[in-house]
file query-v2.txt (compact mmCIF, C-alpha atoms)
# COMPACT_ATOMS: atom_id res chain seq x y z
CA MET Y 1 31.72 -25.78 -24.20
CA ARG Y 2 31.65 -23.14 -26.94
CA ASP Y 3 27.85 -23.46 -27.01
CA MET Y 4 27.80 -22.91 -23.32
CA LYS Y 5 29.78 -19.66 -23.65
CA HIS Y 6 27.28 -18.33 -26.18
CA PHE Y 7 24.50 -19.39 -23.95
CA VAL Y 8 25.87 -17.64 -20.86
CA GLY Y 9 26.52 -14.50 -22.92
CA GLY Y 10 22.93 -14.46 -24.09
CA ALA Y 11 21.64 -14.89 -20.58
CA ILE Y 12 23.74 -11.98 -19.28
CA ALA Y 13 22.44 -9.71 -22.05
CA LEU Y 14 18.87 -10.64 -21.15
CA THR Y 15 19.50 -9.98 -17.48
CA MET Y 16 20.95 -6.52 -18.16
CA ALA Y 17 18.10 -5.63 -20.49
CA SER Y 18 15.45 -6.56 -17.95
CA GLY Y 19 17.39 -4.81 -15.17
CA ALA Y 20 17.04 -1.55 -17.06
CA MET Y 21 13.39 -1.34 -16.01
CA ALA Y 22 14.04 1.13 -13.21
CA GLY Y 23 11.60 1.84 -10.41
CA PHE Y 24 11.20 4.93 -8.26
CA THR Y 25 14.17 6.35 -6.42
CA LEU Y 26 12.71 6.95 -2.98
CA ASP Y 27 13.90 8.55 0.21
CA THR Y 28 11.94 6.97 3.08
CA PHE Y 29 11.20 8.84 6.31
CA TYR Y 30 9.94 7.66 9.66
CA ASP Y 31 9.07 10.97 11.26
CA TYR Y 32 6.97 13.81 9.96
CA THR Y 33 9.29 16.63 11.01
CA LEU Y 34 12.19 15.26 8.96
CA TRP Y 35 9.89 14.49 6.02
CA GLN Y 36 8.68 18.08 6.00
CA GLU Y 37 12.07 19.72 6.65
CA VAL Y 38 14.27 17.67 4.32
CA GLY Y 39 11.87 17.15 1.41
CA PRO Y 40 13.20 15.79 -1.89
CA GLU Y 41 16.71 17.07 -1.07
CA PRO Y 42 18.57 15.57 -4.06
CA LEU Y 43 16.06 17.23 -6.43
CA LEU Y 44 16.30 20.56 -4.62
CA ASP Y 45 20.11 20.48 -4.73
CA ALA Y 46 20.24 19.73 -8.47
CA GLU Y 47 20.32 22.15 -11.40
CA PRO Y 48 17.96 23.45 -12.70
CA LYS Y 49 16.45 24.34 -9.33
CA TRP Y 50 13.28 22.75 -8.07
CA THR Y 51 10.81 23.98 -5.51
CA THR Y 52 8.72 22.04 -3.02
CA ASP Y 53 5.55 22.40 -0.97
CA ASN Y 54 3.47 20.16 1.25
CA ALA Y 55 -0.02 19.93 2.68
CA GLY Y 56 -1.62 17.91 5.48
CA TYR Y 57 -5.18 16.62 5.80
CA ALA Y 58 -6.84 15.15 8.90
CA MET Y 59 -9.14 12.24 8.15
CA ALA Y 60 -11.35 12.85 11.22
CA GLY Y 61 -14.77 14.14 10.19
CA SER Y 62 -14.21 13.56 6.48
CA PRO Y 63 -17.46 12.52 4.81
CA ILE Y 64 -17.43 9.02 3.30
CA SER Y 65 -19.16 9.05 -0.04
CA ASP Y 66 -19.40 6.06 -2.39
CA ASN Y 67 -17.03 4.17 -0.05
CA ALA Y 68 -14.31 6.78 -0.56
CA VAL Y 69 -13.00 9.96 1.01
CA THR Y 70 -11.84 12.73 -1.29
CA GLY Y 71 -9.92 15.86 -0.41
CA GLY Y 72 -7.10 18.20 -1.27
CA SER Y 73 -7.18 20.62 -4.14
CA GLY Y 74 -5.10 21.31 -7.23
CA TRP Y 75 -1.91 19.25 -7.19
CA SER Y 76 -2.80 17.63 -3.82
CA ALA Y 77 -6.24 16.27 -4.80
CA PHE Y 78 -6.58 12.79 -3.37
CA ARG Y 79 -9.02 9.91 -3.02
CA VAL Y 80 -8.85 7.28 -0.27
CA SER Y 81 -10.65 3.99 -0.83
CA PRO Y 82 -10.43 0.42 0.48
CA SER Y 83 -9.03 -2.54 -1.43
CA MET Y 84 -11.59 -4.80 -3.10
CA ASP Y 85 -14.56 -5.74 -0.88
CA GLY Y 86 -13.36 -3.49 1.92
CA MET Y 87 -15.56 -0.90 3.61
CA LEU Y 88 -14.37 2.50 4.79
CA SER Y 89 -15.32 3.52 8.32
CA PHE Y 90 -13.85 5.31 11.31
CA ASP Y 91 -12.35 3.69 14.40
CA GLN Y 92 -14.08 4.06 17.79
CA SER Y 93 -12.39 7.41 18.47
CA GLY Y 94 -13.41 8.80 15.10
CA THR Y 95 -9.79 9.69 14.34
CA TYR Y 96 -8.62 6.90 12.06
CA LEU Y 97 -10.15 6.07 8.69
CA THR Y 98 -9.98 2.27 8.28
CA ALA Y 99 -10.53 -0.09 5.39
CA GLY Y 100 -11.84 -3.01 7.46
CA VAL Y 101 -10.13 -6.14 8.75
CA GLY Y 102 -7.76 -7.66 6.21
CA HIS Y 103 -8.09 -4.83 3.71
CA ALA Y 104 -5.67 -2.20 2.42
CA LEU Y 105 -6.17 1.55 2.18
CA LEU Y 106 -5.55 2.87 -1.32
CA ILE Y 107 -4.51 6.50 -1.58
CA ASP Y 108 -4.77 7.90 -5.11
CA PHE Y 109 -3.49 11.31 -6.14
CA THR Y 110 -5.89 12.32 -8.84
CA ALA Y 111 -4.41 15.52 -10.33
CA MET Y 112 -2.58 15.19 -13.62
CA PRO Y 113 1.18 15.84 -13.37
CA GLY Y 114 2.37 19.11 -14.93
CA THR Y 115 3.90 19.08 -18.40
CA ASP Y 116 7.11 20.37 -16.77
CA GLY Y 117 7.34 17.23 -14.64
CA SER Y 118 5.86 18.82 -11.52
CA GLY Y 119 3.37 16.99 -9.34
CA VAL Y 120 3.10 14.81 -6.26
CA TYR Y 121 6.59 13.69 -5.27
CA GLY Y 122 5.95 13.26 -1.56
CA PHE Y 123 3.58 11.13 0.48
CA GLY Y 124 3.26 10.57 4.20
CA GLY Y 125 0.73 9.58 6.79
CA ASP Y 126 0.04 8.64 10.39
CA PHE Y 127 -1.16 5.07 10.63
CA ALA Y 128 -2.34 2.65 13.30
CA VAL Y 129 -3.38 -1.01 13.38
CA PHE Y 130 -6.60 -2.20 15.02
CA ALA Y 131 -7.79 -5.61 16.18
CA PRO Y 132 -11.39 -6.60 15.29
CA SER Y 133 -12.32 -5.55 18.84
CA GLY Y 134 -11.25 -2.00 17.96
CA GLN Y 135 -8.24 -2.17 20.26
CA ALA Y 136 -5.06 -0.62 18.80
CA ALA Y 137 -2.22 -3.10 18.22
CA GLU Y 138 1.48 -2.22 18.03
CA LEU Y 139 2.05 -3.87 14.67
CA ASP Y 140 4.01 -2.50 11.76
CA VAL Y 141 2.52 -1.34 8.49
CA ILE Y 142 3.79 -1.51 4.93
CA ALA Y 143 3.44 1.10 2.21
CA THR Y 144 3.67 -0.01 -1.41
CA MET Y 145 4.16 2.37 -4.30
CA SER Y 146 2.82 1.72 -7.78
CA ASP Y 147 6.27 0.48 -8.95
CA GLY Y 148 6.47 -2.06 -6.12
CA SER Y 149 8.81 -0.05 -3.85
CA LYS Y 150 7.95 -0.64 -0.22
CA ALA Y 151 8.60 0.76 3.23
CA VAL Y 152 7.79 -0.91 6.52
CA SER Y 153 7.17 1.29 9.56
CA LYS Y 154 6.74 0.24 13.16
CA PRO Y 155 5.07 2.24 15.96
CA THR Y 156 7.42 3.21 18.76
CA THR Y 157 6.79 1.20 21.89
CA GLY Y 158 3.79 2.52 23.81
CA SER Y 159 2.42 4.41 20.84
CA ALA Y 160 -0.29 3.12 18.54
CA SER Y 161 0.53 5.52 15.74
CA THR Y 162 3.39 5.42 13.26
CA PHE Y 163 4.46 7.81 10.56
CA VAL Y 164 5.84 6.64 7.25
CA GLY Y 165 6.58 8.88 4.32
CA PHE Y 166 8.47 9.11 1.06
CA TRP Y 167 9.91 11.65 -1.30
CA LEU Y 168 10.71 10.70 -4.86
CA THR Y 169 14.23 11.95 -5.49
CA SER Y 170 14.50 11.55 -9.25
CA PRO Y 171 12.55 13.67 -11.73
CA GLY Y 172 10.09 12.32 -14.25
CA LEU Y 173 7.74 10.04 -12.31
CA THR Y 174 5.16 11.30 -9.84
CA ILE Y 175 3.27 9.41 -7.14
CA THR Y 176 -0.12 8.27 -8.33
CA GLN Y 177 -1.09 5.60 -5.80
CA VAL Y 178 0.11 4.27 -2.46
CA GLU Y 179 -1.26 1.10 -0.89
CA MET Y 180 -1.13 0.84 2.91
CA ARG Y 181 -1.68 -2.45 4.70
CA VAL Y 182 -0.81 -4.31 7.90
CA TYR Y 183 2.62 -5.95 7.70
CA ALA Y 184 3.03 -7.54 11.14
CA SER Y 185 6.63 -8.60 10.57
CA GLU Y 186 6.83 -10.64 13.77
CA ARG Y 187 3.56 -12.51 13.15
CA PRO Y 188 2.97 -12.25 9.37
CA SER Y 189 0.31 -14.97 9.24
CA ASP Y 190 -1.89 -12.83 11.54
CA ALA Y 191 -1.73 -9.68 9.40
CA GLY Y 192 -5.10 -10.44 7.80
CA ASP Y 193 -6.80 -10.38 11.20
CA PHE Y 194 -6.20 -6.66 11.70
CA ALA Y 195 -7.33 -3.41 10.12
CA ILE Y 196 -5.14 -0.49 9.14
CA GLY Y 197 -6.24 3.06 9.95
CA MET Y 198 -4.99 6.46 8.78
CA SER Y 199 -5.49 9.64 10.84
CA GLN Y 200 -3.46 12.10 8.78
CA LEU Y 201 -2.43 12.26 5.14
CA TYR Y 202 0.42 14.41 3.88
CA ALA Y 203 1.08 15.23 0.24
CA GLY Y 204 4.28 16.74 -1.09
CA PHE Y 205 4.71 18.76 -4.28
CA ALA Y 206 7.87 19.25 -6.27
CA GLY Y 207 8.47 20.92 -9.59
CA PRO Y 208 11.09 22.86 -11.51
CA ILE Y 209 11.30 26.61 -10.92
CA PRO Y 210 10.48 28.38 -14.22
CA ALA Y 211 13.55 29.95 -15.79
CA PRO Y 212 13.74 33.81 -15.65
CA GLY Y 213 13.28 33.97 -19.44
CA ALA Y 214 10.01 32.05 -19.23
CA LEU Y 215 8.79 34.30 -16.40
CA ALA Y 216 9.63 37.43 -18.41
CA LEU Y 217 7.71 36.00 -21.37
CA LEU Y 218 4.66 35.32 -19.21
CA GLY Y 219 4.85 38.84 -17.75
CA ALA Y 220 5.09 40.41 -21.20
CA ALA Y 221 2.13 38.36 -22.43
CA GLY Y 222 0.11 39.52 -19.41
CA LEU Y 223 0.96 43.18 -20.07
CA ILE Y 224 0.00 42.91 -23.74
CA ALA Y 225 -3.29 41.24 -22.85
CA THR Y 226 -4.09 43.98 -20.30
CA ARG Y 227 -3.30 46.76 -22.80
CA GLN Y 228 -5.43 45.16 -25.46
CA ARG Y 229 -8.36 44.89 -23.07
CA ARG Y 230 -7.99 48.56 -22.07
CA SER Y 231 -7.79 49.77 -25.67
CA ASN Y 232 -10.94 47.77 -26.51
CA MET V 233 18.81 -24.49 -27.70
CA LYS V 234 16.26 -21.95 -28.95
CA THR V 235 13.63 -23.40 -26.66
CA PHE V 236 16.09 -23.25 -23.80
CA ILE V 237 16.90 -19.56 -24.38
CA ALA V 238 13.22 -18.66 -24.62
CA ALA V 239 12.51 -20.47 -21.36
CA THR V 240 15.43 -18.72 -19.67
CA ALA V 241 14.26 -15.35 -20.92
CA ALA V 242 10.82 -16.00 -19.47
CA VAL V 243 12.29 -16.91 -16.09
CA LEU V 244 14.52 -13.83 -15.95
CA MET V 245 11.80 -11.45 -17.10
CA THR V 246 9.45 -12.79 -14.43
CA ALA V 247 12.13 -12.42 -11.81
CA THR V 248 12.83 -8.77 -12.62
CA ALA V 249 9.51 -7.41 -13.82
CA ASN V 250 8.78 -5.72 -10.48
CA ALA V 251 12.13 -4.06 -9.74
CA ALA V 252 11.85 -2.17 -6.48
CA ILE V 253 13.59 -1.37 -3.20
CA SER V 254 12.00 -2.04 0.18
CA SER V 255 13.05 -0.08 3.28
CA TYR V 256 12.99 -1.26 6.88
CA PRO V 257 13.56 0.67 10.12
CA THR V 258 14.01 -2.41 12.36
CA TYR V 259 16.21 -5.49 12.14
CA SER V 260 13.34 -7.89 12.79
CA ALA V 261 11.28 -6.51 9.92
CA TRP V 262 14.30 -6.56 7.59
CA ALA V 263 15.50 -10.05 8.52
CA GLY V 264 12.01 -11.50 8.19
CA ALA V 265 11.22 -9.80 4.89
CA VAL V 266 12.22 -12.51 2.43
CA GLY V 267 9.34 -14.89 2.03
CA ASN V 268 7.03 -12.80 4.25
CA PRO V 269 3.66 -13.14 2.47
CA ASN V 270 2.78 -9.51 3.24
CA GLY V 271 5.99 -8.02 1.91
CA ASN V 272 6.32 -9.71 -1.47
CA VAL V 273 10.14 -9.67 -1.37
CA PHE V 274 11.15 -12.84 -3.23
CA PRO V 275 7.94 -14.69 -2.34
CA GLY V 276 8.46 -18.37 -1.66
CA MET V 277 12.24 -18.02 -1.33
CA THR V 278 14.58 -18.12 1.64
CA GLY V 279 17.16 -15.42 2.18
CA ASN V 280 20.53 -16.00 3.81
CA VAL V 281 21.76 -13.32 6.21
CA VAL V 282 25.38 -12.98 7.27
CA SER V 283 26.70 -10.30 9.58
CA ASP V 284 29.86 -8.62 10.76
CA PRO V 285 29.61 -7.03 14.22
CA MET V 286 33.08 -5.50 13.69
CA ASP V 287 33.89 -6.38 17.29
CA SER V 288 37.51 -7.35 16.60
CA ASN V 289 38.49 -3.80 15.72
CA ILE V 290 41.48 -2.17 17.34
CA ALA V 291 40.11 1.26 18.16
CA GLY V 292 41.91 4.33 16.89
CA GLU V 293 43.46 2.97 13.68
CA ASP V 294 43.31 5.51 10.89
CA ALA V 295 43.51 4.43 7.23
CA PRO V 296 42.20 5.44 3.79
CA ALA V 297 40.17 2.19 3.72
CA PHE V 298 39.44 -0.93 5.74
CA PHE V 299 38.48 -4.36 4.40
CA GLY V 300 36.67 -7.32 5.92
CA SER V 301 34.04 -9.94 5.35
CA ALA V 302 30.69 -10.98 6.75
CA GLY V 303 29.99 -14.70 7.05
CA GLN V 304 32.33 -17.56 6.29
CA ALA V 305 33.36 -19.79 3.36
CA VAL V 306 30.69 -19.99 0.63
CA ASP V 307 28.39 -17.69 2.63
CA SER V 308 30.93 -14.89 2.92
CA VAL V 309 30.53 -11.42 1.47
CA ASN V 310 33.52 -9.08 1.31
CA TRP V 311 33.24 -5.44 2.27
CA ALA V 312 35.45 -2.40 1.85
CA ILE V 313 34.86 0.87 3.67
CA ARG V 314 36.21 4.32 2.80
CA ALA V 315 35.30 7.97 3.33
CA SER V 316 34.38 10.61 0.76
CA VAL V 317 36.76 13.04 2.45
CA GLY V 318 39.67 12.26 4.77
CA SER V 319 40.13 8.78 6.17
CA VAL V 320 38.31 6.08 8.13
CA VAL V 321 38.95 5.58 11.85
CA SER V 322 38.26 2.28 13.60
CA THR V 323 36.23 2.49 16.80
CA ILE V 324 35.25 -0.07 19.42
CA GLY V 325 32.91 -2.20 17.33
CA GLY V 326 32.77 -0.09 14.18
CA PHE V 327 34.16 2.64 11.99
CA ARG V 328 33.68 6.39 11.61
CA THR V 329 34.85 9.07 9.25
CA SER V 330 37.82 11.16 10.35
CA SER V 331 36.19 14.34 9.02
CA SER V 332 32.89 15.90 9.97
CA GLY V 333 30.51 16.22 7.05
CA ALA V 334 32.14 13.30 5.22
CA THR V 335 30.25 10.29 3.88
CA LEU V 336 31.10 6.68 4.78
CA ILE V 337 30.95 4.43 1.73
CA MET V 338 30.80 0.64 2.02
CA GLU V 339 31.12 -1.60 -1.02
CA PHE V 340 30.33 -5.31 -1.27
CA SER V 341 31.60 -8.17 -3.39
CA ILE V 342 31.34 -11.95 -3.45
CA ASP V 343 34.47 -14.05 -4.06
CA VAL V 344 33.06 -17.55 -4.08
CA PRO V 345 31.08 -17.99 -7.30
CA VAL V 346 27.93 -19.75 -6.22
CA PRO V 347 25.63 -19.64 -9.25
CA GLY V 348 22.93 -17.05 -8.88
CA ARG V 349 23.99 -15.84 -5.45
CA SER V 350 23.96 -12.07 -5.13
CA VAL V 351 23.71 -9.39 -2.46
CA GLN V 352 20.06 -8.33 -2.41
CA GLY V 353 19.75 -7.09 1.17
CA ILE V 354 21.76 -4.68 3.31
CA GLY V 355 21.15 -3.56 6.86
CA GLY V 356 23.20 -2.05 9.63
CA ASN V 357 23.33 -0.07 12.80
CA PHE V 358 24.38 3.52 12.19
CA ARG V 359 25.08 6.42 14.55
CA LEU V 360 26.58 9.85 14.75
CA MET V 361 29.65 10.46 16.93
CA ASP V 362 30.98 13.68 18.39
CA GLU V 363 34.65 14.66 18.41
CA SER V 364 35.17 12.69 21.64
CA ASN V 365 33.85 9.48 20.04
CA ASN V 366 30.62 9.59 22.05
CA PHE V 367 27.45 8.48 20.30
CA VAL V 368 24.97 11.29 19.77
CA ASN V 369 21.43 11.23 18.42
CA GLY V 370 20.92 12.80 15.03
CA ALA V 371 19.54 12.52 11.51
CA MET V 372 21.45 10.89 8.67
CA ARG V 373 20.73 9.53 5.22
CA VAL V 374 21.60 5.89 4.50
CA GLN V 375 21.62 5.47 0.75
CA LEU V 376 22.04 2.65 -1.74
CA GLY V 377 24.10 3.03 -4.89
CA ASN V 378 20.92 3.47 -6.96
CA GLY V 379 19.80 6.50 -4.90
CA SER V 380 17.13 4.85 -2.75
CA ALA V 381 17.54 6.01 0.83
CA ILE V 382 16.30 6.08 4.40
CA THR V 383 16.48 9.40 6.22
CA LYS V 384 15.80 9.14 9.92
CA THR V 385 16.95 10.15 13.38
CA PHE V 386 19.36 7.49 14.60
CA THR V 387 19.39 6.86 18.35
CA ALA V 388 20.57 4.08 20.67
CA SER V 389 17.16 2.42 20.49
CA SER V 390 16.61 3.14 16.79
CA SER V 391 19.92 2.76 14.99
CA PHE V 392 18.93 0.24 12.31
CA ALA V 393 18.23 0.90 8.65
CA GLY V 394 17.97 -1.78 6.01
CA PHE V 395 16.94 -2.47 2.42
CA TRP V 396 16.06 -5.34 0.12
CA SER V 397 16.22 -5.08 -3.64
CA ASN V 398 13.79 -7.50 -5.24
CA ASP V 399 15.48 -7.10 -8.61
CA LEU V 400 17.80 -10.07 -9.09
CA ALA V 401 19.42 -8.30 -12.02
CA ALA V 402 20.26 -5.30 -9.85
CA PRO V 403 22.04 -6.53 -6.72
CA ILE V 404 23.14 -4.10 -4.02
CA THR V 405 26.79 -3.16 -4.48
CA SER V 406 27.25 -0.26 -2.08
CA ILE V 407 25.75 1.73 0.74
CA SER V 408 26.65 5.23 1.92
CA ILE V 409 25.95 6.98 5.20
CA ARG V 410 26.04 10.74 5.30
CA PRO V 411 24.97 13.53 7.62
CA LEU V 412 22.22 15.93 6.59
CA SER V 413 22.99 19.57 5.94
CA SER V 414 21.38 20.34 9.30
CA THR V 415 23.68 17.95 11.22
CA PRO V 416 26.00 19.81 13.66
CA GLY V 417 29.38 20.46 12.10
CA ASN V 418 31.43 18.48 14.62
CA TYR V 419 29.51 15.20 14.19
CA ARG V 420 30.86 12.25 12.21
CA VAL V 421 28.91 9.35 10.78
CA ALA V 422 29.67 5.87 12.12
CA ILE V 423 28.73 2.29 11.43
CA GLU V 424 28.51 -0.34 14.18
CA ASP V 425 27.31 -3.57 12.55
CA ILE V 426 26.55 -4.68 9.05
CA TYR V 427 24.08 -7.34 7.88
CA VAL V 428 24.17 -8.69 4.35
CA GLY V 429 21.34 -10.66 2.78
CA THR V 430 21.96 -12.92 -0.18
CA VAL V 431 19.29 -14.60 -2.20
CA PRO V 432 19.75 -17.44 -4.65
CA SER V 433 18.20 -16.37 -7.91
CA PRO V 434 16.12 -19.06 -9.57
CA GLY V 435 16.72 -17.79 -13.12
CA PRO V 436 20.49 -18.26 -13.37
CA ILE V 437 20.40 -21.39 -11.21
CA ALA V 438 17.81 -22.96 -13.53
CA LEU V 439 19.94 -21.83 -16.46
CA VAL V 440 23.09 -23.49 -15.15
CA LEU V 441 21.27 -26.68 -14.18
CA THR V 442 19.61 -26.96 -17.57
CA ALA V 443 22.90 -26.28 -19.32
CA GLY V 444 24.50 -29.03 -17.22
CA ILE V 445 21.79 -31.49 -18.22
CA LEU V 446 22.28 -30.58 -21.88
CA VAL V 447 26.06 -31.10 -21.63
CA VAL V 448 25.61 -34.50 -19.91
CA ARG V 449 23.08 -35.59 -22.56
CA ARG V 450 25.40 -34.58 -25.40
CA ARG V 451 28.30 -36.47 -23.86
CA ARG V 452 26.16 -39.58 -23.50
CA ALA V 453 24.97 -39.26 -27.08

call {"tool": "encode", "arguments": {"input": "query-v2.txt", "output": "C-alpha cells"}}
result
Amino acid sequence: MRDMKHFVGGAIALTMASGAMAGFTLDTFYDYTLWQEVGPEPLLDAEPKWTTDNAGYAMAGSPISDNAVTGGSGWSAFRVSPSMDGMLSFDQSGTYLTAGVGHALLIDFTAMPGTDGSGVYGFGGDFAVFAPSGQAAELDVIATMSDGSKAVSKPTTGSASTFVGFWLTSPGLTITQVEMRVYASERPSDAGDFAIGMSQLYAGFAGPIPAPGALALLGAAGLIATRQRRSN
Amino acid sequence: MKTFIAATAAVLMTATANAAISSYPTYSAWAGAVGNPNGNVFPGMTGNVVSDPMDSNIAGEDAPAFFGSAGQAVDSVNWAIRASVGSVVSTIGGFRTSSSGATLIMEFSIDVPVPGRSVQGIGGNFRLMDESNNFVNGAMRVQLGNGSAITKTFTASSSFAGFWSNDLAAPITSISIRPLSSTPGNYRVAIEDIYVGTVPSPGPIALVLTAGILVVRRRRA
C-alpha cells in the first residue's frame, strides 16, 4: 500500500506539470457589433493600459493567386488558403471565398508580432456552408486556433451566414492562424460533404500604450535628428 | 514500477498535450461535442451530461449562497452559487443576483470519487432580468475560472452558452456570469438551467487499474 501511495503521488505531480501547458485565453463572440464594441476588454481594463483597433476585409473580388488570397497591411496582413488538396474559388454569387467540399479555410496572419507584445489579438469572420450543388446549408461551422481552442457557431434560422469571432484576453500570445471548417453538429458524419465559405474577414489589433517617458524620449530623439539635419 | 510510471506519464502527456477550451452557442452543439469527429473534444470517448433545471425553487428566497446538485448518485455533481456583491435571489426556475452590476459565480465539485471522473463541460441558459423579474434581452459575459469566455446577446431563443475543456488535468471548477459595462444599470444577471459534462479520463483510470493488477499479483506471489 505504501508503494501505491508513492505511485499516486507521482501521477498527481505529472498531471499538474502537464496541466501547466496553458493555451489561449479567448473571449468568443457570435455577433460582429459586440466583437467590435467590446474588444479584448480584460486587456483594456488592465494596467498598464492597452489600445485596440480593428479592420475588415471583404473577400468578394479578391484576386486568387497561387491558390491563396492575400490582403491587409501592416499588423493586419493576412493570407487565406485551403487545407491540403483544396482549391480556392468563389461561390455562385461571388461573395464567399470557399476552399472546396470537405476542405478547411486557413487564415494566416503574416505580420510579425511587435517586441512589446502587440499584434493580432482579434479575429472574426462571416461564414456560410454550401452543398456541392452550390446551395447554402444552415449548418454550423467550427473555428480552431493554433493552440487547439475552438468555437462553434451556428447561423440563425433563415440566414445562411454566421459570424464567429475571438479576442485573446491575455497578453503574450498573438493569433497566427485560424482554421475554419464545417462542423455540422447535428449530422457530423456529413460535414465532409459540404464546403465552407467566408465573405468577410475581420482582424483585431491590441498592444500596450507606450509610457509617457518612452514617448518623450522618442520626441526628443526626433528633435535632435531634425536639428542635426538642419545644421548639416 | 519504473516501466509503469513511464507508461503512465506517456498516457497523461498525450491526454493533456492539446489543452484548449471549446465554446458553443447552442445546447445541441455542446451536448454532441464529445466524440464528434469534427470537434476533436476527447475523440473516441463518451461524455456524460447531467443537468439541473432548478425547477423546484421557491421564488423570492434571498441568501448569500444556494447549494444543489445536478444528476444523481455516482453521476451527481454539486454546485454552489453566490454573487460578487449582495446576495442571490431564487426565481421561478433559476437564480439571479440581488444587485445590478453584480456577477453570479457558480462553483462545482464531485463528492463520489469515481476514478478519473472530472467536470470537463459546462453549459447553461442565462438571461438578464429587470427590477420586476422580467427577462430582458442583453449582452453578458459567461466566463470560466481560467478566463475563457463567451460574450453574446442572450435572448429567449438564444440563451445558451457552453464550454468543454479538453485538458483532463484542468477540469472546470467554476463559471461566472456578469453584465458588460454597457448593460443598463437596473439589469441583473440570471441563470435558468445548468448542464454539467463529465468525462472519464483514460490516464488515471488506466493508472488505477494497472495498480490494482500489480497489487493482486503481489498478493498472489

call {"tool": "atom_distance", "arguments": {"input": "query-v2.txt", "atom1": "atom CA of Pro42 of chain Y", "atom2": "atom CA of Asn418 of chain V"}}
result
22.9 Å

call {"tool": "interface_residues", "arguments": {"input": "query-v2.txt", "of": "chain Y", "to": "chain V", "cutoff": "6 Å", "atoms": "only C-alpha atoms", "output": "PyMOL selection string"}}
result
chain Y and resi 15+19+23+25-29+148-152+183+185

call {"tool": "write_last_selection", "arguments": {"input": "query-v2.txt", "atoms": "C-alpha atoms", "output": "PDB file, in the frame of the given file"}}
result
ATOM      1  CA  THR Y  15      19.500  -9.980 -17.480  1.00  0.00           C
ATOM      2  CA  GLY Y  19      17.390  -4.810 -15.170  1.00  0.00           C
ATOM      3  CA  GLY Y  23      11.600   1.840 -10.410  1.00  0.00           C
ATOM      4  CA  THR Y  25      14.170   6.350  -6.420  1.00  0.00           C
ATOM      5  CA  LEU Y  26      12.710   6.950  -2.980  1.00  0.00           C
ATOM      6  CA  ASP Y  27      13.900   8.550   0.210  1.00  0.00           C
ATOM      7  CA  THR Y  28      11.940   6.970   3.080  1.00  0.00           C
ATOM      8  CA  PHE Y  29      11.200   8.840   6.310  1.00  0.00           C
ATOM      9  CA  GLY Y 148       6.470  -2.060  -6.120  1.00  0.00           C
ATOM     10  CA  SER Y 149       8.810  -0.050  -3.850  1.00  0.00           C
ATOM     11  CA  LYS Y 150       7.950  -0.640  -0.220  1.00  0.00           C
ATOM     12  CA  ALA Y 151       8.600   0.760   3.230  1.00  0.00           C
ATOM     13  CA  VAL Y 152       7.790  -0.910   6.520  1.00  0.00           C
ATOM     14  CA  TYR Y 183       2.620  -5.950   7.700  1.00  0.00           C
ATOM     15  CA  SER Y 185       6.630  -8.600  10.570  1.00  0.00           C
TER      16      SER Y 185
END

call {"tool": "residues_around", "arguments": {"input": "query-v2.txt", "residues": "segment 301-315 of chain V", "least_positions_apart": "5", "cutoff": "9 Å", "atoms": "only C-alpha atoms", "output": "MDAnalysis selection string"}}
result
chainID V and resid 280:285 295:296 320 327:331 334:346 351 426:428 430

call {"tool": "residues_around", "arguments": {"input": "query-v2.txt", "residues": "Pro63 of chain Y", "least_positions_apart": "6", "cutoff": "12 Å", "atoms": "all atoms listed in the file", "output": "list of chain:residue names"}}
result
Y:Val69, Y:Thr70, Y:Gly71, Y:Arg79, Y:Val80, Y:Leu88, Y:Ser89, Y:Phe90, Y:Gly94, Y:Leu97

call {"tool": "residues_around", "arguments": {"input": "query-v2.txt", "residues": "Ala55 of chain Y", "least_positions_apart": "2", "cutoff": "8 Å", "atoms": "all atoms listed in the file", "output": "PDB file with C-alpha atoms, keeping the file's coordinate frame"}}
result
ATOM      1  CA  ASP Y  53       5.550  22.400  -0.970  1.00  0.00           C
ATOM      2  CA  TYR Y  57      -5.180  16.620   5.800  1.00  0.00           C
ATOM      3  CA  SER Y  76      -2.800  17.630  -3.820  1.00  0.00           C
ATOM      4  CA  TYR Y 202       0.420  14.410   3.880  1.00  0.00           C
ATOM      5  CA  ALA Y 203       1.080  15.230   0.240  1.00  0.00           C
ATOM      6  CA  GLY Y 204       4.280  16.740  -1.090  1.00  0.00           C
TER       7      GLY Y 204
END

call {"tool": "residues_around", "arguments": {"input": "query-v2.txt", "residues": "segment 356-363 of chain V", "least_positions_apart": "6", "cutoff": "9 Å", "atoms": "all atoms listed in the file", "output": "JSON list (two decimals) with C-alpha atoms, in the coordinates of the input"}}
result
[["chain", "number", "residue", "atom", "x", "y", "z"],
["V", 259, "TYR", "CA", 16.21, -5.49, 12.14],
["V", 283, "SER", "CA", 26.70, -10.30, 9.58],
["V", 328, "ARG", "CA", 33.68, 6.39, 11.61],
["V", 332, "SER", "CA", 32.89, 15.90, 9.97],
["V", 369, "ASN", "CA", 21.43, 11.23, 18.42],
["V", 370, "GLY", "CA", 20.92, 12.80, 15.03],
["V", 371, "ALA", "CA", 19.54, 12.52, 11.51],
["V", 372, "MET", "CA", 21.45, 10.89, 8.67],
["V", 374, "VAL", "CA", 21.60, 5.89, 4.50],
["V", 386, "PHE", "CA", 19.36, 7.49, 14.60],
["V", 387, "THR", "CA", 19.39, 6.86, 18.35],
["V", 388, "ALA", "CA", 20.57, 4.08, 20.67],
["V", 390, "SER", "CA", 16.61, 3.14, 16.79],
["V", 391, "SER", "CA", 19.92, 2.76, 14.99],
["V", 392, "PHE", "CA", 18.93, 0.24, 12.31],
["V", 393, "ALA", "CA", 18.23, 0.90, 8.65],
["V", 394, "GLY", "CA", 17.97, -1.78, 6.01],
["V", 409, "ILE", "CA", 25.95, 6.98, 5.20],
["V", 411, "PRO", "CA", 24.97, 13.53, 7.62],
["V", 418, "ASN", "CA", 31.43, 18.48, 14.62],
["V", 419, "TYR", "CA", 29.51, 15.20, 14.19],
["V", 420, "ARG", "CA", 30.86, 12.25, 12.21],
["V", 421, "VAL", "CA", 28.91, 9.35, 10.78],
["V", 422, "ALA", "CA", 29.67, 5.87, 12.12],
["V", 423, "ILE", "CA", 28.73, 2.29, 11.43],
["V", 424, "GLU", "CA", 28.51, -0.34, 14.18],
["V", 425, "ASP", "CA", 27.31, -3.57, 12.55],
["V", 426, "ILE", "CA", 26.55, -4.68, 9.05],
["V", 427, "TYR", "CA", 24.08, -7.34, 7.88],
["V", 428, "VAL", "CA", 24.17, -8.69, 4.35]]
